Structures are given as structure tokens and as C-alpha cells.
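data_14.pdb (PDB, C-alpha atoms and all ligand atoms) appears below.
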ATOM      1  CA  MET J  18      -9.502-170.803 -34.847
ATOM      2  CA  ARG J  19     -12.444-172.523 -36.494
ATOM      3  CA  ARG J  20     -14.636-169.613 -35.521
ATOM      4  CA  LEU J  21     -12.222-167.186 -37.125
ATOM      5  CA  LEU J  22     -12.247-169.201 -40.354
ATOM      6  CA  LEU J  23     -16.020-169.292 -40.300
ATOM      7  CA  LEU J  24     -16.151-165.556 -39.781
ATOM      8  CA  LEU J  25     -13.726-164.974 -42.645
ATOM      9  CA  SER J  26     -15.591-167.152 -45.121
ATOM     10  CA  TRP J  27     -18.805-165.456 -44.078
ATOM     11  CA  LEU J  28     -17.309-161.992 -44.699
ATOM     12  CA  PHE J  29     -16.101-163.088 -48.129
ATOM     13  CA  ALA J  30     -19.512-164.527 -48.937
ATOM     14  CA  LEU J  31     -21.023-161.156 -48.079
ATOM     15  CA  GLY J  32     -18.863-159.534 -50.725
ATOM     16  CA  PHE J  33     -15.925-158.216 -48.772
ATOM     17  CA  SER J  34     -13.656-159.761 -51.366
ATOM     18  CA  GLU J  35     -12.602-157.837 -54.495
ATOM     19  CA  PRO J  36     -15.804-156.342 -55.969
ATOM     20  CA  GLN J  37     -16.675-157.420 -59.509
ATOM     21  CA  ARG J  38     -16.233-154.576 -61.985
ATOM     22  CA  PRO J  39     -18.379-154.436 -65.103
ATOM     23  CA  VAL J  40     -16.280-155.190 -68.173
ATOM     24  CA  PRO J  41     -16.162-152.300 -70.681
ATOM     25  CA  ARG J  42     -17.380-153.252 -74.141
ATOM     26  CA  ARG J  43     -14.451-153.202 -76.559
ATOM     27  CA  ASP J  44     -14.873-155.014 -79.879
ATOM     28  CA  ALA J  45     -14.934-154.365 -83.638
ATOM     29  CA  GLU J  46     -18.238-152.450 -83.491
ATOM     30  CA  TYR J  47     -17.820-150.646 -80.186
ATOM     31  CA  PRO J  48     -16.588-148.032 -79.580
ATOM     32  CA  PRO J  49     -17.844-147.135 -83.089
ATOM     33  CA  PRO J  50     -14.861-147.076 -85.501
ATOM     34  CA  LYS J  51     -16.105-143.919 -87.212
ATOM     35  CA  THR J  52     -16.273-142.026 -83.953
ATOM     36  CA  LEU J  53     -12.814-143.289 -83.012
ATOM     37  CA  ALA J  54     -11.422-142.142 -86.367
ATOM     38  CA  PHE J  55     -12.970-138.713 -85.814
ATOM     39  CA  LEU J  56     -11.681-138.392 -82.233
ATOM     40  CA  ARG J  57      -8.130-139.754 -82.612
ATOM     41  CA  PRO J  58      -6.513-136.766 -84.406
ATOM     42  CA  ILE J  59      -8.224-134.371 -81.990
ATOM     43  CA  GLY J  60      -6.965-136.520 -79.127
ATOM     44  CA  GLU J  61      -3.415-136.222 -80.424
ATOM     45  CA  ARG J  62      -3.682-132.446 -80.389
ATOM     46  CA  CYS J  63      -5.081-132.497 -76.872
ATOM     47  CA  VAL J  64      -2.309-134.816 -75.655
ATOM     48  CA  LYS J  65       0.200-132.255 -76.933
ATOM     49  CA  GLU J  66      -1.698-129.390 -75.328
ATOM     50  CA  THR J  67      -2.144-130.967 -71.892
ATOM     51  CA  GLY J  68       0.729-133.432 -71.552
ATOM     52  CA  VAL J  69      -1.620-136.181 -70.359
ATOM     53  CA  THR J  70      -0.149-139.692 -70.480
ATOM     54  CA  SER J  71      -1.742-142.345 -72.660
ATOM     55  CA  SER J  72      -1.757-144.691 -69.656
ATOM     56  CA  ALA J  73      -3.964-142.231 -67.758
ATOM     57  CA  ILE J  74      -6.401-142.102 -70.697
ATOM     58  CA  VAL J  75      -6.515-145.906 -70.980
ATOM     59  CA  ARG J  76      -6.847-146.328 -67.210
ATOM     60  CA  PHE J  77      -9.801-143.942 -66.963
ATOM     61  CA  SER J  78     -11.384-145.400 -70.102
ATOM     62  CA  ASP J  79     -11.085-149.092 -69.280
ATOM     63  CA  ALA J  80     -10.442-149.359 -65.537
ATOM     64  CA  ASP J  81     -11.167-147.182 -62.530
ATOM     65  CA  ILE J  82     -12.200-143.595 -61.851
ATOM     66  CA  PHE J  83      -9.411-141.533 -60.266
ATOM     67  CA  GLU J  84      -9.473-137.852 -59.387
ATOM     68  CA  ASP J  85      -5.845-136.837 -58.967
ATOM     69  CA  ASP J  86      -4.691-136.174 -62.536
ATOM     70  CA  ARG J  87      -5.067-132.535 -63.528
ATOM     71  CA  ALA J  88      -3.689-133.153 -67.041
ATOM     72  CA  LEU J  89      -6.361-135.793 -67.661
ATOM     73  CA  LYS J  90      -9.128-133.406 -66.602
ATOM     74  CA  CYS J  91      -7.790-130.710 -68.935
ATOM     75  CA  TYR J  92      -7.469-133.291 -71.706
ATOM     76  CA  MET J  93     -11.203-133.947 -71.336
ATOM     77  CA  GLU J  94     -11.808-130.193 -71.513
ATOM     78  CA  CYS J  95      -9.630-129.877 -74.622
ATOM     79  CA  MET J  96     -11.576-132.678 -76.346
ATOM     80  CA  PHE J  97     -14.880-130.946 -75.605
ATOM     81  CA  ARG J  98     -13.503-127.617 -76.818
ATOM     82  CA  LEU J  99     -12.003-128.891 -80.077
ATOM     83  CA  THR J 100     -15.116-130.919 -80.924
ATOM     84  CA  ASN J 101     -17.269-127.830 -80.232
ATOM     85  CA  VAL J 102     -19.692-129.600 -77.904
ATOM     86  CA  THR J 103     -19.437-127.219 -74.914
ATOM     87  CA  ASP J 104     -20.102-123.517 -74.377
ATOM     88  CA  ASP J 105     -17.798-121.020 -72.662
ATOM     89  CA  ARG J 106     -19.069-122.089 -69.220
ATOM     90  CA  GLY J 107     -18.177-125.683 -69.937
ATOM     91  CA  GLU J 108     -21.780-126.808 -70.307
ATOM     92  CA  LEU J 109     -22.333-129.604 -72.750
ATOM     93  CA  HIS J 110     -24.687-129.308 -75.707
ATOM     94  CA  MET J 111     -26.095-132.845 -75.951
ATOM     95  CA  LEU J 112     -27.383-132.436 -79.532
ATOM     96  CA  LYS J 113     -23.940-131.364 -80.709
ATOM     97  CA  LEU J 114     -22.430-134.377 -78.998
ATOM     98  CA  LEU J 115     -24.999-136.652 -80.664
ATOM     99  CA  GLU J 116     -23.812-135.438 -84.074
ATOM    100  CA  HIS J 117     -20.722-137.552 -83.443
ATOM    101  CA  VAL J 118     -22.631-140.635 -82.284
ATOM    102  CA  PRO J 119     -23.793-143.176 -84.909
ATOM    103  CA  PRO J 120     -27.634-143.459 -84.922
ATOM    104  CA  GLU J 121     -27.618-147.014 -83.572
ATOM    105  CA  TYR J 122     -25.879-145.817 -80.390
ATOM    106  CA  GLU J 123     -27.912-142.654 -79.808
ATOM    107  CA  GLU J 124     -30.054-144.330 -77.170
ATOM    108  CA  VAL J 125     -27.008-145.647 -75.360
ATOM    109  CA  ALA J 126     -25.523-142.142 -75.307
ATOM    110  CA  LEU J 127     -28.778-140.510 -74.197
ATOM    111  CA  ARG J 128     -29.272-143.002 -71.378
ATOM    112  CA  MET J 129     -25.681-142.539 -70.250
ATOM    113  CA  GLY J 130     -26.041-138.762 -70.187
ATOM    114  CA  VAL J 131     -29.603-138.230 -69.028
ATOM    115  CA  ARG J 132     -28.686-137.549 -65.389
ATOM    116  CA  CYS J 133     -25.418-135.766 -66.133
ATOM    117  CA  THR J 134     -26.703-132.273 -66.784
ATOM    118  CA  ARG J 135     -25.510-129.951 -64.012
ATOM    119  CA  PRO J 136     -21.709-129.899 -64.076
ATOM    120  CA  LYS J 137     -19.865-128.887 -60.918
ATOM    121  CA  GLY J 138     -16.308-127.654 -60.631
ATOM    122  CA  LYS J 139     -14.333-124.454 -60.188
ATOM    123  CA  ASP J 140     -13.044-124.361 -63.770
ATOM    124  CA  LEU J 141     -13.569-125.877 -67.193
ATOM    125  CA  CYS J 142     -11.221-128.836 -66.604
ATOM    126  CA  GLU J 143     -13.060-129.811 -63.415
ATOM    127  CA  ARG J 144     -16.415-129.495 -65.145
ATOM    128  CA  ALA J 145     -15.315-131.587 -68.141
ATOM    129  CA  PHE J 146     -14.125-134.242 -65.704
ATOM    130  CA  TRP J 147     -17.477-134.066 -63.906
ATOM    131  CA  TYR J 148     -19.234-135.184 -67.120
ATOM    132  CA  HIS J 149     -16.830-138.025 -67.772
ATOM    133  CA  LYS J 150     -17.070-139.297 -64.219
ATOM    134  CA  CYS J 151     -20.867-139.073 -64.329
ATOM    135  CA  TRP J 152     -21.022-140.976 -67.639
ATOM    136  CA  LYS J 153     -18.630-143.677 -66.502
ATOM    137  CA  LEU J 154     -20.646-144.185 -63.316
ATOM    138  CA  ALA J 155     -23.912-144.239 -65.295
ATOM    139  CA  ASP J 156     -22.737-146.801 -67.865
ATOM    140  CA  PRO J 157     -19.280-148.265 -67.227
ATOM    141  CA  VAL J 158     -19.806-150.779 -70.057
ATOM    142  CA  HIS J 159     -20.329-148.262 -72.876
ATOM    143  CA  TYR J 160     -18.278-145.388 -71.497
ATOM    144  CA  TYR J 161     -14.944-144.878 -73.252
ATOM    145  CA  LEU J 162     -12.275-142.234 -73.528
ATOM    146  CA  VAL J 163      -9.885-141.821 -76.459
TER
HETATM  147  C1  LIG F   1     -15.156-126.308 -84.302
HETATM  148  O1  LIG F   1     -15.392-124.951 -84.592
HETATM  149  C2  LIG F   1     -14.277-124.308 -85.184
HETATM  150  C3  LIG F   1     -14.601-122.840 -85.318
HETATM  151  O2  LIG F   1     -15.879-122.635 -85.842
HETATM  152  C4  LIG F   1     -13.980-124.961 -86.534
HETATM  153  O3  LIG F   1     -12.863-124.369 -87.154
HETATM  154  C5  LIG F   1     -13.684-126.442 -86.299
HETATM  155  O4  LIG F   1     -13.503-127.126 -87.528
HETATM  156  C6  LIG F   1     -14.811-127.114 -85.536
HETATM  157  N1  LIG F   1     -14.411-128.462 -85.193
HETATM  158  C7  LIG F   1     -15.182-129.529 -85.379
HETATM  159  C8  LIG F   1     -14.596-130.829 -84.990
HETATM  160  O5  LIG F   1     -16.307-129.460 -85.837
END
Could you rewrite the structure in this file as C-alpha cells?
Ligand SMILES: *[C@@H]1O[C@H](CO)[C@@H](O)[C@H](O)[C@H]1NC(C)=O
Amino acid sequence: MRRLLLLLSWLFALGFSEPQRPVPRRDAEYPPPKTLAFLRPIGERCVKETGVTSSAIVRFSDADIFEDDRALKCYMECMFRLTNVTDDRGELHMLKLLEHVPPEYEEVALRMGVRCTRPKGKDLCERAFWYHKCWKLADPVHYYLV
């Protein structure tokens, strides 16, 4: 019995307990209010187009990455399309995206996106999701979805 307890406390010490997730930055300055104001009306249109739930958007934005929501993936595609940042193959034009990023966060955005340049996926929704997943993995603190 004592051995079992020792083993258990040892496993927990090694990190087998709930892993610590980085906390997304959410305050008055970040995500930038101007960018939010620009994205919100487009988001509303894309919610109507795709039928994504707001809880799925909030979950992906502020909690975990999940792969099983087709509407969410197509919502991401719709946002790219209506903000004119992708081409007809679903490839992102980083300079166009940066037009919507305030100058003080350009470096944050560039660092988040620097390794996310070769989207994979059988269609535009899958490829849009590929970017979002890549960004969230690269910088879970600054990544957000509206
Ligand atoms: C995207 O491009 C279309 C067509 O050129 C234009 O009507 C629309 O206003 C643009 N949207 C944004 C957010 O720039």
C-alpha cells in the first residue's frame, strides 16, 4: 500500500497530473479593440453562413484545439474569404493579414505565423483550419478567434 502511494505521488510529480495550459491573453488592449471591431461584423456574417456555434468559437479561441467541428473550420474559411487575406487555393497572404494588425502587434503576428506557411487539407475549410491550429500551437497566449 505504501509503495503504491509512493508510486502515485512520483507519477504526479513527473507531470502525469492535469497539464498546465498557457492562459490566453485577454484584457483591454489585447486582442486589439480595433481589430475586434473590424472582425465582429464579418464574424456575424460568417456565423450565418456556416451555422457555427458561438461556444465552438469561444472554445477554440480560449481553450483547447479540437478537430471534429466542420462548421467551425468553414467559419475560419469564411473569415479569411471575407477579409480578403487568402487566394482561391486557400493560401494566406501574410501582408494582407498584417493590414489588419496594429503596428505594435506586428511582431507577435509574424512570430506566430512564421512556421505556418504550407497549409494542408483537402478543401478550403480544412486549409483555413490548418492555419488556425498552427497559430494556436505556435502562440496559445496571443492566438484568438472571433
Ligand atoms: C474584399 O474584397 C471585396 C471585393 O473586392 C470588397 O468588396 C470587400 O469590401 C473587401 N473586404 C474587405 C474587408 O476589405
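Listed by chain and then residue number, the contacts of ligand LIG 1 (chain F) are Phe55, Leu56, Ile59, Arg98, Leu99, Thr100, Asn101 and Val102 of chain J (distance at most 9 Å, using all atoms listed in the file).
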| field | Output check: residues returned by the PyMOL selection byres (((chain J and resi 84) around 12) and not hetatm), as a ChimeraX atom specification | value | /J:73,76-77,81-83,85-90,142-143,146-147,149-150
| In terms of the shortest atom-to-atom distance over all atoms listed in the file, which of J:Gly68, J:Pro48, J:Gly130, J:Gly60 is closest to Tyr161 (chain J)? | J:Pro48
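This file gives the following result for the PyMOL selection byres (((chain J and resi 157) around 9) and not hetatm): Arg38, Pro39, Val40, Pro41, Arg42, Ser78, Asp79, Trp152, Lys153, Leu154, Ala155, Asp156, Val158, His159, Tyr160 and Tyr161 of chain J.
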| What gap, in Å, lies between CA of Met93 (chain J) and CA of Cys151 (chain J)? | 13.0 Å
